[in-house]
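> Got a structure for you, written out below as structure tokens; questions coming shortly.
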Amino acid sequence: MNKFALTMMLAVGTAFNALAEVPPELQGFEFLEDVLPKDEFGSVKIKQSTKRSMQKDIIPLIEDSILEAAAYNIHNPEQVFCYHVEKRKKGDEAYTIGNYKVVDYCGELDFDVLTTTYEALFTRSPNIITTVAKCKIEPKVMLRFVRGVDYTDVLMSSPCPSFTVFYAGRYKSFNIKQGIIDDLISQFENKREEFLSPALIKQTASNGKPESAEDAYKLENVNDKKFGGWYRTIWNYGTNQEMEVKCDSSTRFYTDTTVYAKWLNKLTITIVYEDGTIDTQYIFETETIGSITYQKLEGQYQRKVYFDEAKTNQLSNSQVSNYKPKGDITLYVTRLTV
């Protein structure tokens with residue numbers, strides 16, 4: 001298990017003197033100091049805004065149906081980012097946006113593309129269809145309209161022609177002409193980059209860009225680890241040793257305390273069948289092998305699972321469901337016909 005420490009300072013009145021020069025856009029967000037970009041002197045720097053207010057107003061049909069702040073972000077964005085998305089399947093651990101799986105990153109919209117997209121979606125009443133569509137949303141492209149630290153997401157759907165505005169946990173869908181939405185989606189089709197988490201490498205951006213070997217390692221290995229929770233050490237008077245205790249919502253701190261984030265490693269479970277077939281599956285530390293799925297064979301049979309190739313160390317029924325390996329293991333499977 002990997003872990004890193006986060007020291008929690010509980011002293012009242014702690015000042016953020018190091019961020020005295022924080023720009024107005026970030027006042028109140030001093031706790032993000034470690035992930036904000038800095039210049040060569042260590043002062044926080046912010047990319048100059050590319051903000052241009054859209055000249056045409058959002059039509060009343062749409063503006064009156066969404067929150068005012070949501071509409072303001074769309075009408076006055078500083079940046080607009082594009083993501084190819086699809087429906088998220090249960091158990092999928094991929095990155096998401098608005099509960100949709102992020103497939104690819106399609107870049108930051110330049111002003112011309114932004115204007116075309118904005119006007120087609122939000123300013124032309126003839127494009128909007130008010131009759132109820134008899135189809136389900138098929139997510140294709142998500143646009144994130146960013147203003148300061150706030151944002152509004154807009155999902156474009158096809159072949160069910162619609163777009164949906166997401167803001168502050170609310171959403172509103174609008175039906176639109178098929179040709180309009182298809183033309184808008186098609187302009188992003190050839191713009192595809194692998195989505196890399198910017199937060200993982202402490203960047204404030206729409207898509208991560210490795211700037212060092214360490215960044216590249218983090219991005220390449222992100223799927224090989226899983227967050228296992230926050231821990232702290234306390235003194236066990238029974239054993240006269242320190243012991244780790246997991247923190248939860250009921251944990252209270254009464255002095256300066258160091259807590260550790262544990263990262264669980266991915267373990268390889270290799271399954272060898274008696275006919276020589278080899279299957280490889282994965283779990284994370286602390287998980288049981290009960291989630292392993294075995295090859296489905298024809299006929300009625302009783303499966304036996306062993307720790308060793310000689311098949312002398314058989315797993316009990318309880319172990320097959322509850323055994324927690326501490327590292328990579330190989331299991332050997334035979335069957336007895338009944």
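By convention in this document, the chains of the structure tokens carry letters A, B, ... by their order, each chain's residues are numbered from 1, and ligands are numbered from 1 in the order they are shown.
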DSSP says helix (DSSP H, G or I) for which residues of segment 97-287 of chain A? Put them as number ranges by chain?
A: 111-122, 125-127, 178-186, 199-201, 213-220, 222-224
> Pick out the residues sitting within 6 Å of segment 329-335 of chain A, and hand them over as a PyMOL selection string; count only C-alpha atoms, and ignore anything fewer than 6 positions along from it in its own chain.
chain A and resi 269-274+302-307
> Write a file of the just-selected residues containing C-alpha atoms, as a PDB file, in the first residue's frame.

```pdb
ATOM      1  CA  ILE A 269      -4.994 -13.105 -10.244  1.00  0.00           C
ATOM      2  CA  THR A 270      -3.865 -15.729 -12.773  1.00  0.00           C
ATOM      3  CA  ILE A 271      -6.219 -18.685 -13.230  1.00  0.00           C
ATOM      4  CA  VAL A 272      -4.856 -21.872 -14.823  1.00  0.00           C
ATOM      5  CA  TYR A 273      -7.394 -24.466 -15.969  1.00  0.00           C
ATOM      6  CA  GLU A 274      -6.652 -28.174 -16.323  1.00  0.00           C
ATOM      7  CA  GLN A 302     -17.907 -29.590  -9.213  1.00  0.00           C
ATOM      8  CA  ARG A 303     -15.107 -27.017  -9.438  1.00  0.00           C
ATOM      9  CA  LYS A 304     -12.032 -27.308  -7.228  1.00  0.00           C
ATOM     10  CA  VAL A 305      -9.541 -24.476  -6.769  1.00  0.00           C
ATOM     11  CA  TYR A 306      -5.948 -24.899  -5.548  1.00  0.00           C
ATOM     12  CA  PHE A 307      -3.115 -22.608  -4.500  1.00  0.00           C
TER      13      PHE A 307
END
```
> Separation of atom CA of Ile185 of chain A and atom CA of Met142 of chain A, in Å?
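Separation of atom CA of Ile185 of chain A and atom CA of Met142 of chain A: 9.7 Å.
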> Could you pull out the residues in segment 91-129 of chain A that DSSP calls strand (DSSP E or B) from the backbone, as a list in words?
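Residues meeting the strand (DSSP E or B) criterion: Thr96, Ile97, Tyr100, Lys101, Val102, Val103, Asp104, Tyr105, Cys106, Gly107, Glu108, Ile128 and Ile129 of chain A.
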> Export, as an mmCIF file, in the first residue's frame, the selected residues with C-alpha atoms.

```
data_model
loop_
_atom_site.group_PDB
_atom_site.id
_atom_site.type_symbol
_atom_site.label_atom_id
_atom_site.label_comp_id
_atom_site.auth_asym_id
_atom_site.auth_seq_id
_atom_site.Cartn_x
_atom_site.Cartn_y
_atom_site.Cartn_z
ATOM 1 C CA THR A 96 -16.873 11.032 -15.696
ATOM 2 C CA ILE A 97 -18.483 14.396 -16.307
ATOM 3 C CA TYR A 100 -21.243 10.351 -18.359
ATOM 4 C CA LYS A 101 -18.018 8.520 -19.160
ATOM 5 C CA VAL A 102 -15.267 10.709 -20.647
ATOM 6 C CA VAL A 103 -13.994 8.982 -23.794
ATOM 7 C CA ASP A 104 -11.693 11.658 -25.242
ATOM 8 C CA TYR A 105 -10.830 15.324 -24.884
ATOM 9 C CA CYS A 106 -11.689 17.463 -27.922
ATOM 10 C CA GLY A 107 -9.881 20.638 -26.964
ATOM 11 C CA GLU A 108 -10.678 24.213 -26.036
ATOM 12 C CA ILE A 128 -35.673 24.408 -31.267
ATOM 13 C CA ILE A 129 -38.448 21.801 -31.466
#
```
> Name all residues at most 10 Å from Ile62 of chain A (count only C-alpha atoms; drop same-chain ones fewer than 3 positions away) and give them as a list in words.
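The neighbour list is Ile58, Ile59, Ser65, Ile66, Leu67, Ala71, Leu121, Phe122, Thr123, Ser125, Ile128, Val165, Lys172, Ser173 and Phe174 of chain A.
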